[in-house]
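Asks: First, the structure itself, so that you have it in front of you.
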Amino acid sequence: MTVKIDPTWYEVLKPQFEAPYFAELKNYLIAERQQHTCYPPGSKIFSAFDHTPFDRVKVVILGQDPYHEPGQAMGLCFSVPQGIQPPPSLINIIKEINSDLGTQIPTTCGDLTGWAEQGVLLLNATLTVRAHQAGSHQRHGWEQFTDAAIDALSHQRTGLVFLLWGSYAIAKRSLIDASKHFVLTAPHPSPLSAYRGFFGCHHFSRTNSLLQQQGQSPIDWTQIR
């Protein structure tokens with residue numbers, strides 16, 4: 001498995017790469033790829049870390065696992081490549097941005113690389129998935145790896161904004177030192193729960209206000225391709 005990851009993150013996560021559980025995870029993924037189609041491609045598994053260096057993270061959005069249909073997963077949670085129809089949750093995210101900020105982002109756009117390049121870490125708890133089988137690579141070691149990343153951000157950085165959508169992401173709140181960081185929670189943006197409070201949460205304007213209060217530049221949430 002070729003690791004393409006920003007050096008700042010590799011240094012932070014080096015103990016995880018060298019841990020016994022990660023060797024087991026790697027062997028599991030090799031066996032999975034021999035028998036099944038898995039997403040995202042190997043070169044994009046660590047895209048969240050590669051696009052957003054550790055020392056440049058300003059905002060963290062947590063997802064559960066990658067999209068599991070062809071062409072969707074690109075290593076950034078909620079994001080799909082240009083030209084791929086955005087899934088319903090991403091469409092609802094765009095709708096909330098438009099409502100919150102008064103923008104007019106087309107709901108046909110879905111590539112969030114522009115966010116990642118501004119300091120938004122788009123991190124799934126599980127970084128791979130078997131085709132057509134949501135959650136199929138959970139509980140094989142990825143959660144330990146990504147929890148270590150969240151823990152490192154919590155301990156080594158200050159003033160980050162964590163956006164936790166849905167019960168799975170909100171459960172990660174225990175990893176975050178709320179005395180040093182900002183934690184905003186809301187229901188998941190999926191069609192099943194978006195109307196229970198994701199719509200109207202104003203997380204995008206609130207995030208920018210929190211960043212600006214600290215003298216940081218806001219995120220241009222319109223950077224969706």
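By order of appearance in the structure tokens: chains A, B, ..., then residues from 1 within every chain, and ligands from 1 in the order shown.
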Find the spatial neighbours of Ala169 (chain A), counting only C-alpha atoms, within a cut-off of 10 Å - ignore same-chain residues fewer than 3 positions away - and output them as a list in words.
Replies: Ile61, Leu62, Gly63, Gln64, Asn124, Ala125, Phe162, Leu163, Leu164, Trp165, Gly166, Lys172, Arg173, Thr185, Ala186, Pro187 and His188 of chain A
Asks: Can I get the selected residues back with all heavy atoms, as a compact mmCIF listing (two decimals), in the first residue's frame?
Replies:
```txt
# COMPACT_ATOMS: atom_id res chain seq x y z
N ILE A 61 -13.98 18.28 9.97
CA ILE A 61 -15.29 17.70 9.73
C ILE A 61 -15.12 16.19 9.75
O ILE A 61 -14.27 15.65 9.03
CB ILE A 61 -15.90 18.16 8.39
CG1 ILE A 61 -16.12 19.68 8.40
CG2 ILE A 61 -17.21 17.44 8.12
CD1 ILE A 61 -16.67 20.24 7.10
N LEU A 62 -15.90 15.51 10.56
CA LEU A 62 -15.77 14.07 10.72
C LEU A 62 -16.89 13.32 10.01
O LEU A 62 -18.07 13.62 10.20
CB LEU A 62 -15.78 13.68 12.20
CG LEU A 62 -14.59 14.17 13.04
CD1 LEU A 62 -14.75 13.72 14.48
CD2 LEU A 62 -13.28 13.65 12.47
N GLY A 63 -16.50 12.36 9.19
CA GLY A 63 -17.45 11.46 8.55
C GLY A 63 -17.27 10.05 9.10
O GLY A 63 -16.41 9.81 9.96
N GLN A 64 -18.06 9.12 8.59
CA GLN A 64 -18.01 7.75 9.12
C GLN A 64 -17.12 6.85 8.27
O GLN A 64 -16.11 6.35 8.73
CB GLN A 64 -19.41 7.18 9.23
CG GLN A 64 -19.47 5.87 10.02
CD GLN A 64 -20.88 5.57 10.53
OE1 GLN A 64 -21.78 6.39 10.44
NE2 GLN A 64 -21.06 4.38 11.07
N ASN A 124 -12.72 10.87 7.46
CA ASN A 124 -13.59 9.75 7.78
C ASN A 124 -12.96 8.93 8.90
O ASN A 124 -11.74 8.79 8.97
CB ASN A 124 -13.79 8.85 6.57
CG ASN A 124 -14.86 9.36 5.63
OD1 ASN A 124 -15.95 9.76 6.06
ND2 ASN A 124 -14.58 9.35 4.33
N ALA A 125 -13.79 8.36 9.77
CA ALA A 125 -13.28 7.51 10.84
C ALA A 125 -12.67 6.23 10.28
O ALA A 125 -11.69 5.71 10.81
CB ALA A 125 -14.40 7.17 11.82
N PHE A 162 -14.33 21.95 15.48
CA PHE A 162 -14.74 20.59 15.13
C PHE A 162 -16.22 20.59 14.82
O PHE A 162 -17.04 21.01 15.64
CB PHE A 162 -14.45 19.63 16.28
CG PHE A 162 -13.00 19.33 16.50
CD1 PHE A 162 -12.21 20.19 17.25
CD2 PHE A 162 -12.41 18.19 15.96
CE1 PHE A 162 -10.86 19.94 17.46
CE2 PHE A 162 -11.07 17.91 16.17
CZ PHE A 162 -10.29 18.79 16.92
N LEU A 163 -16.59 20.13 13.62
CA LEU A 163 -17.98 20.02 13.21
C LEU A 163 -18.37 18.54 13.26
O LEU A 163 -17.88 17.74 12.47
CB LEU A 163 -18.19 20.58 11.80
CG LEU A 163 -17.74 22.03 11.59
CD1 LEU A 163 -18.07 22.49 10.17
CD2 LEU A 163 -18.38 22.96 12.61
N LEU A 164 -19.23 18.20 14.20
CA LEU A 164 -19.64 16.82 14.42
C LEU A 164 -21.11 16.67 14.06
O LEU A 164 -21.98 17.20 14.74
CB LEU A 164 -19.40 16.42 15.88
CG LEU A 164 -18.01 16.72 16.46
CD1 LEU A 164 -17.92 16.23 17.90
CD2 LEU A 164 -16.91 16.11 15.60
N TRP A 165 -21.37 15.94 12.98
CA TRP A 165 -22.73 15.80 12.46
C TRP A 165 -23.19 14.35 12.62
O TRP A 165 -22.62 13.45 12.03
CB TRP A 165 -22.78 16.20 11.00
CG TRP A 165 -22.36 17.62 10.74
CD1 TRP A 165 -22.45 18.69 11.59
CD2 TRP A 165 -21.77 18.14 9.54
NE1 TRP A 165 -21.97 19.82 11.00
CE2 TRP A 165 -21.54 19.53 9.74
CE3 TRP A 165 -21.42 17.57 8.31
CZ2 TRP A 165 -20.97 20.33 8.76
CZ3 TRP A 165 -20.85 18.37 7.34
CH2 TRP A 165 -20.64 19.75 7.56
N GLY A 166 -24.24 14.14 13.40
CA GLY A 166 -24.77 12.81 13.60
C GLY A 166 -24.16 12.13 14.81
O GLY A 166 -23.09 12.50 15.29
N LYS A 172 -17.34 11.13 19.05
CA LYS A 172 -15.91 11.43 19.07
C LYS A 172 -15.59 12.66 19.93
O LYS A 172 -14.42 13.00 20.13
CB LYS A 172 -15.40 11.67 17.65
CG LYS A 172 -15.61 10.51 16.69
CD LYS A 172 -14.72 9.33 17.02
CE LYS A 172 -14.87 8.22 15.98
NZ LYS A 172 -14.00 7.07 16.26
N ARG A 173 -16.62 13.30 20.45
CA ARG A 173 -16.41 14.50 21.26
C ARG A 173 -15.52 14.21 22.46
O ARG A 173 -14.80 15.09 22.94
CB ARG A 173 -17.76 15.07 21.70
CG ARG A 173 -17.66 16.33 22.54
CD ARG A 173 -18.96 17.12 22.58
NE ARG A 173 -20.13 16.29 22.82
CZ ARG A 173 -21.38 16.76 22.81
NH1 ARG A 173 -21.62 18.04 22.56
NH2 ARG A 173 -22.40 15.97 23.03
N THR A 185 -22.11 20.73 17.16
CA THR A 185 -22.78 19.47 16.84
C THR A 185 -24.13 19.73 16.18
O THR A 185 -24.76 20.76 16.41
CB THR A 185 -22.98 18.60 18.10
OG1 THR A 185 -23.86 19.29 19.01
CG2 THR A 185 -21.66 18.32 18.79
N ALA A 186 -24.55 18.77 15.37
CA ALA A 186 -25.84 18.85 14.69
C ALA A 186 -26.22 17.46 14.22
O ALA A 186 -25.37 16.57 14.14
CB ALA A 186 -25.78 19.81 13.49
N PRO A 187 -27.49 17.23 13.90
CA PRO A 187 -27.86 15.96 13.26
C PRO A 187 -27.11 15.76 11.95
O PRO A 187 -26.58 16.72 11.37
CB PRO A 187 -29.36 16.12 13.02
CG PRO A 187 -29.81 17.12 14.04
CD PRO A 187 -28.67 18.07 14.16
N HIS A 188 -27.08 14.54 11.49
CA HIS A 188 -26.39 14.23 10.24
C HIS A 188 -27.14 14.87 9.06
O HIS A 188 -28.37 14.99 9.10
CB HIS A 188 -26.34 12.71 10.05
CG HIS A 188 -25.37 12.26 9.02
ND1 HIS A 188 -25.69 12.22 7.68
CD2 HIS A 188 -24.08 11.86 9.11
CE1 HIS A 188 -24.63 11.78 6.99
NE2 HIS A 188 -23.65 11.56 7.84
```
Asks: Quick one: DSSP strand (DSSP E or B) residues in region 14-191 of chain A, as an mmCIF file with N, CA, C and O atoms, in the first residue's frame?
Replies:
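part-v4.cif was written with the following content:
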```cif
data_model
loop_
_atom_site.group_PDB
_atom_site.id
_atom_site.type_symbol
_atom_site.label_atom_id
_atom_site.label_comp_id
_atom_site.auth_asym_id
_atom_site.auth_seq_id
_atom_site.Cartn_x
_atom_site.Cartn_y
_atom_site.Cartn_z
ATOM 1 N N CYS A 38 -12.395 -2.252 -3.707
ATOM 2 C CA CYS A 38 -12.444 -1.404 -2.524
ATOM 3 C C CYS A 38 -12.216 0.047 -2.918
ATOM 4 O O CYS A 38 -11.563 0.336 -3.925
ATOM 5 N N TYR A 39 -12.748 0.934 -2.141
ATOM 6 C CA TYR A 39 -12.619 2.372 -2.385
ATOM 7 C C TYR A 39 -12.078 3.058 -1.138
ATOM 8 O O TYR A 39 -12.286 2.570 -0.019
ATOM 9 N N VAL A 59 -10.185 23.651 10.753
ATOM 10 C CA VAL A 59 -11.525 23.086 10.947
ATOM 11 C C VAL A 59 -11.436 21.584 10.707
ATOM 12 O O VAL A 59 -10.690 21.133 9.833
ATOM 13 N N VAL A 60 -12.186 20.816 11.476
ATOM 14 C CA VAL A 60 -12.246 19.367 11.285
ATOM 15 C C VAL A 60 -13.702 18.963 11.081
ATOM 16 O O VAL A 60 -14.567 19.285 11.900
ATOM 17 N N ILE A 61 -13.977 18.284 9.968
ATOM 18 C CA ILE A 61 -15.295 17.697 9.731
ATOM 19 C C ILE A 61 -15.115 16.188 9.746
ATOM 20 O O ILE A 61 -14.270 15.647 9.029
ATOM 21 N N LEU A 62 -15.905 15.509 10.563
ATOM 22 C CA LEU A 62 -15.766 14.066 10.716
ATOM 23 C C LEU A 62 -16.891 13.324 10.006
ATOM 24 O O LEU A 62 -18.072 13.621 10.203
ATOM 25 N N GLY A 63 -16.501 12.357 9.186
ATOM 26 C CA GLY A 63 -17.450 11.461 8.552
ATOM 27 C C GLY A 63 -17.269 10.053 9.102
ATOM 28 O O GLY A 63 -16.415 9.811 9.961
ATOM 29 N N VAL A 120 -9.434 22.757 6.074
ATOM 30 C CA VAL A 120 -10.549 21.949 6.577
ATOM 31 C C VAL A 120 -10.175 20.473 6.424
ATOM 32 O O VAL A 120 -10.096 19.963 5.304
ATOM 33 N N LEU A 121 -9.917 19.804 7.540
ATOM 34 C CA LEU A 121 -9.583 18.380 7.504
ATOM 35 C C LEU A 121 -10.878 17.584 7.340
ATOM 36 O O LEU A 121 -11.737 17.590 8.222
ATOM 37 N N LEU A 122 -11.010 16.920 6.209
ATOM 38 C CA LEU A 122 -12.220 16.161 5.872
ATOM 39 C C LEU A 122 -11.945 14.692 6.150
ATOM 40 O O LEU A 122 -11.551 13.926 5.267
ATOM 41 N N LEU A 123 -12.147 14.290 7.404
ATOM 42 C CA LEU A 123 -11.664 13.006 7.895
ATOM 43 C C LEU A 123 -12.782 12.005 8.143
ATOM 44 O O LEU A 123 -13.686 12.244 8.955
ATOM 45 N N ASN A 124 -12.716 10.874 7.462
ATOM 46 C CA ASN A 124 -13.589 9.753 7.785
ATOM 47 C C ASN A 124 -12.962 8.929 8.900
ATOM 48 O O ASN A 124 -11.736 8.792 8.973
ATOM 49 N N VAL A 129 -13.413 1.132 2.222
ATOM 50 C CA VAL A 129 -14.693 0.421 2.259
ATOM 51 C C VAL A 129 -14.748 -0.547 1.073
ATOM 52 O O VAL A 129 -14.135 -0.303 0.024
ATOM 53 N N ARG A 130 -15.461 -1.645 1.256
ATOM 54 C CA ARG A 130 -15.695 -2.583 0.157
ATOM 55 C C ARG A 130 -16.815 -2.043 -0.717
ATOM 56 O O ARG A 130 -17.783 -1.469 -0.214
ATOM 57 N N GLN A 133 -20.845 -1.931 -0.011
ATOM 58 C CA GLN A 133 -21.102 -2.432 1.349
ATOM 59 C C GLN A 133 -20.673 -1.389 2.373
ATOM 60 O O GLN A 133 -19.535 -1.381 2.838
ATOM 61 N N VAL A 161 -11.918 24.293 15.132
ATOM 62 C CA VAL A 161 -13.373 24.149 15.129
ATOM 63 C C VAL A 161 -13.701 22.746 14.633
ATOM 64 O O VAL A 161 -13.373 22.393 13.495
ATOM 65 N N PHE A 162 -14.327 21.946 15.480
ATOM 66 C CA PHE A 162 -14.736 20.592 15.125
ATOM 67 C C PHE A 162 -16.225 20.592 14.815
ATOM 68 O O PHE A 162 -17.039 21.012 15.642
ATOM 69 N N LEU A 163 -16.585 20.128 13.615
ATOM 70 C CA LEU A 163 -17.985 20.018 13.209
ATOM 71 C C LEU A 163 -18.373 18.544 13.258
ATOM 72 O O LEU A 163 -17.878 17.737 12.465
ATOM 73 N N LEU A 164 -19.233 18.200 14.204
ATOM 74 C CA LEU A 164 -19.638 16.817 14.419
ATOM 75 C C LEU A 164 -21.111 16.669 14.062
ATOM 76 O O LEU A 164 -21.976 17.204 14.744
ATOM 77 N N TRP A 165 -21.372 15.940 12.982
ATOM 78 C CA TRP A 165 -22.731 15.796 12.465
ATOM 79 C C TRP A 165 -23.186 14.354 12.624
ATOM 80 O O TRP A 165 -22.620 13.445 12.032
ATOM 81 N N PHE A 182 -13.268 24.445 19.800
ATOM 82 C CA PHE A 182 -14.699 24.702 19.651
ATOM 83 C C PHE A 182 -15.342 23.467 19.026
ATOM 84 O O PHE A 182 -14.866 22.966 18.012
ATOM 85 N N VAL A 183 -16.425 22.989 19.625
ATOM 86 C CA VAL A 183 -17.111 21.803 19.123
ATOM 87 C C VAL A 183 -18.554 22.175 18.803
ATOM 88 O O VAL A 183 -19.323 22.558 19.691
ATOM 89 N N LEU A 184 -18.915 22.057 17.525
ATOM 90 C CA LEU A 184 -20.285 22.331 17.087
ATOM 91 C C LEU A 184 -20.925 21.016 16.652
ATOM 92 O O LEU A 184 -20.342 20.266 15.870
ATOM 93 N N THR A 185 -22.109 20.726 17.162
ATOM 94 C CA THR A 185 -22.778 19.465 16.841
ATOM 95 C C THR A 185 -24.128 19.729 16.182
ATOM 96 O O THR A 185 -24.764 20.757 16.409
ATOM 97 N N ALA A 186 -24.546 18.773 15.369
ATOM 98 C CA ALA A 186 -25.845 18.849 14.688
ATOM 99 C C ALA A 186 -26.224 17.457 14.220
ATOM 100 O O ALA A 186 -25.367 16.570 14.137
#
```
Asks: Give me the residues within 9 Å of region 15-17 of chain A as a ChimeraX atom specification, counting only C-alpha atoms and dropping any in the same chain fewer than 6 places off.
Replies: /A:23,144-145,148
Asks: Write the selection just made, keeping all heavy atoms, as a JSON list (two decimals), in the first residue's frame?
Replies:
```json
[["chain", "number", "residue", "atom", "x", "y", "z"],
["A", 23, "ALA", "N", -0.05, -3.06, 11.12],
["A", 23, "ALA", "CA", 0.43, -4.14, 10.26],
["A", 23, "ALA", "C", -0.70, -5.12, 9.96],
["A", 23, "ALA", "O", -0.85, -5.60, 8.82],
["A", 23, "ALA", "CB", 1.60, -4.86, 10.93],
["A", 144, "GLN", "N", -8.90, 3.24, 15.31],
["A", 144, "GLN", "CA", -7.79, 3.52, 16.23],
["A", 144, "GLN", "C", -6.83, 4.54, 15.61],
["A", 144, "GLN", "O", -6.34, 5.45, 16.28],
["A", 144, "GLN", "CB", -7.05, 2.23, 16.56],
["A", 144, "GLN", "CG", -5.93, 2.41, 17.60],
["A", 144, "GLN", "CD", -5.33, 1.09, 18.06],
["A", 144, "GLN", "OE1", -5.93, 0.03, 17.85],
["A", 144, "GLN", "NE2", -4.17, 1.14, 18.69],
["A", 145, "PHE", "N", -6.60, 4.39, 14.32],
["A", 145, "PHE", "CA", -5.70, 5.29, 13.60],
["A", 145, "PHE", "C", -6.26, 6.72, 13.55],
["A", 145, "PHE", "O", -5.58, 7.68, 13.88],
["A", 145, "PHE", "CB", -5.49, 4.75, 12.18],
["A", 145, "PHE", "CG", -4.56, 5.57, 11.34],
["A", 145, "PHE", "CD1", -3.19, 5.38, 11.41],
["A", 145, "PHE", "CD2", -5.05, 6.51, 10.45],
["A", 145, "PHE", "CE1", -2.32, 6.12, 10.62],
["A", 145, "PHE", "CE2", -4.20, 7.27, 9.66],
["A", 145, "PHE", "CZ", -2.83, 7.06, 9.74],
["A", 148, "ALA", "N", -6.40, 8.50, 16.84],
["A", 148, "ALA", "CA", -5.08, 9.03, 17.20],
["A", 148, "ALA", "C", -4.83, 10.38, 16.53],
["A", 148, "ALA", "O", -4.22, 11.29, 17.12],
["A", 148, "ALA", "CB", -3.99, 8.04, 16.80]]
```
Asks: Residues within 9 Å of Gly119 (chain A), please, as a list in words. Count only C-alpha atoms; anything in the same chain fewer than 2 positions from it doesn't count.
Replies: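 The residues that qualify are His51, Thr52, Pro53, Phe54, Asp55, Arg56, Val57, Lys58, Val59, Val60, Trp115, Ala116, Glu117, Leu121 and Ile219 of chain A.
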Asks: What is the CA of Asp100 (chain A) to CA of Arg196 (chain A) distance in Å?
Replies: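 Separation between CA of Asp100 (chain A) and CA of Arg196 (chain A): 16.2 Å.
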Asks: Can you pull out every residue within 10 Å of Ser209 (chain A), counting only C-alpha atoms, but drop anything in the same chain fewer than 6 positions away, and send it as a PDB file with all heavy atoms, in the first residue's frame?
Replies:
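The result, written out as around.pdb:
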```
ATOM      1  N   HIS A 203     -23.652  26.212  10.898  1.00  0.00           N
ATOM      2  CA  HIS A 203     -22.283  25.855  11.271  1.00  0.00           C
ATOM      3  C   HIS A 203     -21.224  26.563  10.426  1.00  0.00           C
ATOM      4  O   HIS A 203     -20.110  26.780  10.899  1.00  0.00           O
ATOM      5  CB  HIS A 203     -22.092  24.343  11.161  1.00  0.00           C
ATOM      6  CG  HIS A 203     -22.564  23.607  12.381  1.00  0.00           C
ATOM      7  ND1 HIS A 203     -22.313  22.268  12.604  1.00  0.00           N
ATOM      8  CD2 HIS A 203     -23.277  24.034  13.463  1.00  0.00           C
ATOM      9  CE1 HIS A 203     -22.843  21.905  13.758  1.00  0.00           C
ATOM     10  NE2 HIS A 203     -23.439  22.946  14.281  1.00  0.00           N
ATOM     11  N   GLY A 215      -8.446  35.832  14.983  1.00  0.00           N
ATOM     12  CA  GLY A 215      -7.534  36.489  14.060  1.00  0.00           C
ATOM     13  C   GLY A 215      -7.150  35.645  12.868  1.00  0.00           C
ATOM     14  O   GLY A 215      -6.174  35.949  12.172  1.00  0.00           O
ATOM     15  N   GLN A 216      -7.937  34.586  12.594  1.00  0.00           N
ATOM     16  CA  GLN A 216      -7.657  33.726  11.456  1.00  0.00           C
ATOM     17  C   GLN A 216      -8.583  34.071  10.287  1.00  0.00           C
ATOM     18  O   GLN A 216      -9.674  34.604  10.478  1.00  0.00           O
ATOM     19  CB  GLN A 216      -7.847  32.263  11.838  1.00  0.00           C
ATOM     20  CG  GLN A 216      -6.918  31.769  12.931  1.00  0.00           C
ATOM     21  CD  GLN A 216      -7.012  30.272  13.079  1.00  0.00           C
ATOM     22  OE1 GLN A 216      -6.715  29.515  12.154  1.00  0.00           O
ATOM     23  NE2 GLN A 216      -7.435  29.816  14.249  1.00  0.00           N
ATOM     24  N   SER A 217      -8.136  33.734   9.101  1.00  0.00           N
ATOM     25  CA  SER A 217      -8.953  33.987   7.917  1.00  0.00           C
ATOM     26  C   SER A 217     -10.114  32.999   7.875  1.00  0.00           C
ATOM     27  O   SER A 217      -9.964  31.828   8.260  1.00  0.00           O
ATOM     28  CB  SER A 217      -8.114  33.855   6.647  1.00  0.00           C
ATOM     29  OG  SER A 217      -7.523  32.575   6.575  1.00  0.00           O
ATOM     30  N   PRO A 218     -11.289  33.446   7.413  1.00  0.00           N
ATOM     31  CA  PRO A 218     -12.440  32.538   7.323  1.00  0.00           C
ATOM     32  C   PRO A 218     -12.266  31.549   6.178  1.00  0.00           C
ATOM     33  O   PRO A 218     -11.418  31.725   5.295  1.00  0.00           O
ATOM     34  CB  PRO A 218     -13.601  33.491   7.061  1.00  0.00           C
ATOM     35  CG  PRO A 218     -12.972  34.643   6.345  1.00  0.00           C
ATOM     36  CD  PRO A 218     -11.610  34.804   6.948  1.00  0.00           C
ATOM     37  N   ILE A 219     -13.086  30.507   6.200  1.00  0.00           N
ATOM     38  CA  ILE A 219     -13.112  29.535   5.109  1.00  0.00           C
ATOM     39  C   ILE A 219     -14.034  30.049   4.010  1.00  0.00           C
ATOM     40  O   ILE A 219     -15.140  30.510   4.290  1.00  0.00           O
ATOM     41  CB  ILE A 219     -13.612  28.163   5.604  1.00  0.00           C
ATOM     42  CG1 ILE A 219     -12.751  27.644   6.765  1.00  0.00           C
ATOM     43  CG2 ILE A 219     -13.647  27.158   4.454  1.00  0.00           C
ATOM     44  CD1 ILE A 219     -11.299  27.440   6.436  1.00  0.00           C
TER      45      ILE A 219
END
```
Asks: Neighbouring residues of Gly71 (chain A) were defined as those with any atom within 12 Å, considering only C-alpha atoms; residues of the same chain fewer than 2 positions away were excluded. Please report them as a count of residues only.
Replies: 23
Asks: When you look at Trp142 (chain A) with a cut-off of 9 Å (counting only C-alpha atoms), what residues show up, excluding the ones that are within fewer than 5 positions of it in the same chain? I need them as JSON, numbers by chain.
Replies: {"A": [22, 25, 125, 126, 127, 128, 137, 147]}
Asks: Write out the residues from the selection above, keeping C-alpha atoms, as a short mmCIF file (atom, residue, chain, number, x, y, z; two decimals), in the first residue's frame.
Replies:
```
data_model
loop_
_atom_site.label_atom_id
_atom_site.label_comp_id
_atom_site.auth_asym_id
_atom_site.auth_seq_id
_atom_site.Cartn_x
_atom_site.Cartn_y
_atom_site.Cartn_z
CA PHE A 22 -1.55 -1.20 11.67
CA LEU A 25 -4.82 -3.62 9.12
CA ALA A 125 -13.28 7.51 10.84
CA THR A 126 -12.75 4.54 8.50
CA LEU A 127 -10.59 5.28 5.47
CA THR A 128 -11.57 2.40 3.16
CA HIS A 137 -14.12 -2.01 6.83
CA ASP A 147 -8.83 8.55 16.74
#
```
Asks: To one decimal place in Å, what is the distance between CA of Pro189 (chain A) and CA of Glu96 (chain A)?
Replies: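 According to the coordinates, CA of Pro189 (chain A) and CA of Glu96 (chain A) are separated by 9.1 Å.
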Asks: Choose the residue, out of A:Thr158, A:Ser89, A:Thr146, A:Ser99, that has the smallest atom-to-atom separation from Gln214 (chain A); count only C-alpha atoms.
Replies: A:Thr158
Asks: Hey, which of A:Pro191, A:Pro88, A:Pro70, A:Gly102 ends up closest to Trp221 (chain A)? Count only C-alpha atoms.
Replies: A:Gly102
Asks: Select, from A:Leu101, A:Gly141, A:Gly42, A:Ala149, the residue with the minimum atom-to-atom distance to Arg206 (chain A), counting only C-alpha atoms.
Replies: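 Of the candidates, the smallest distance to Arg206 (chain A) is held by A:Leu101.
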Asks: Provide the CA of Pro106 (chain A) to CA of Asn92 (chain A) distance in Å, to one decimal place.
Replies: 11.4 Å
Asks: Region 64-219 of chain A: which residues are helix (DSSP H, G or I) by DSSP, as an NGL selection string?
Replies: :A and (88-101 or 113-116 or 142-156 or 167-175 or 194-196 or 203-213)
Asks: Nearest to Thr8 (chain A): which of A:Leu210, A:Arg225, A:Phe204, A:Leu153 is it, counting only C-alpha atoms?
Replies: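 The closest residue to Thr8 (chain A) is A:Leu153.
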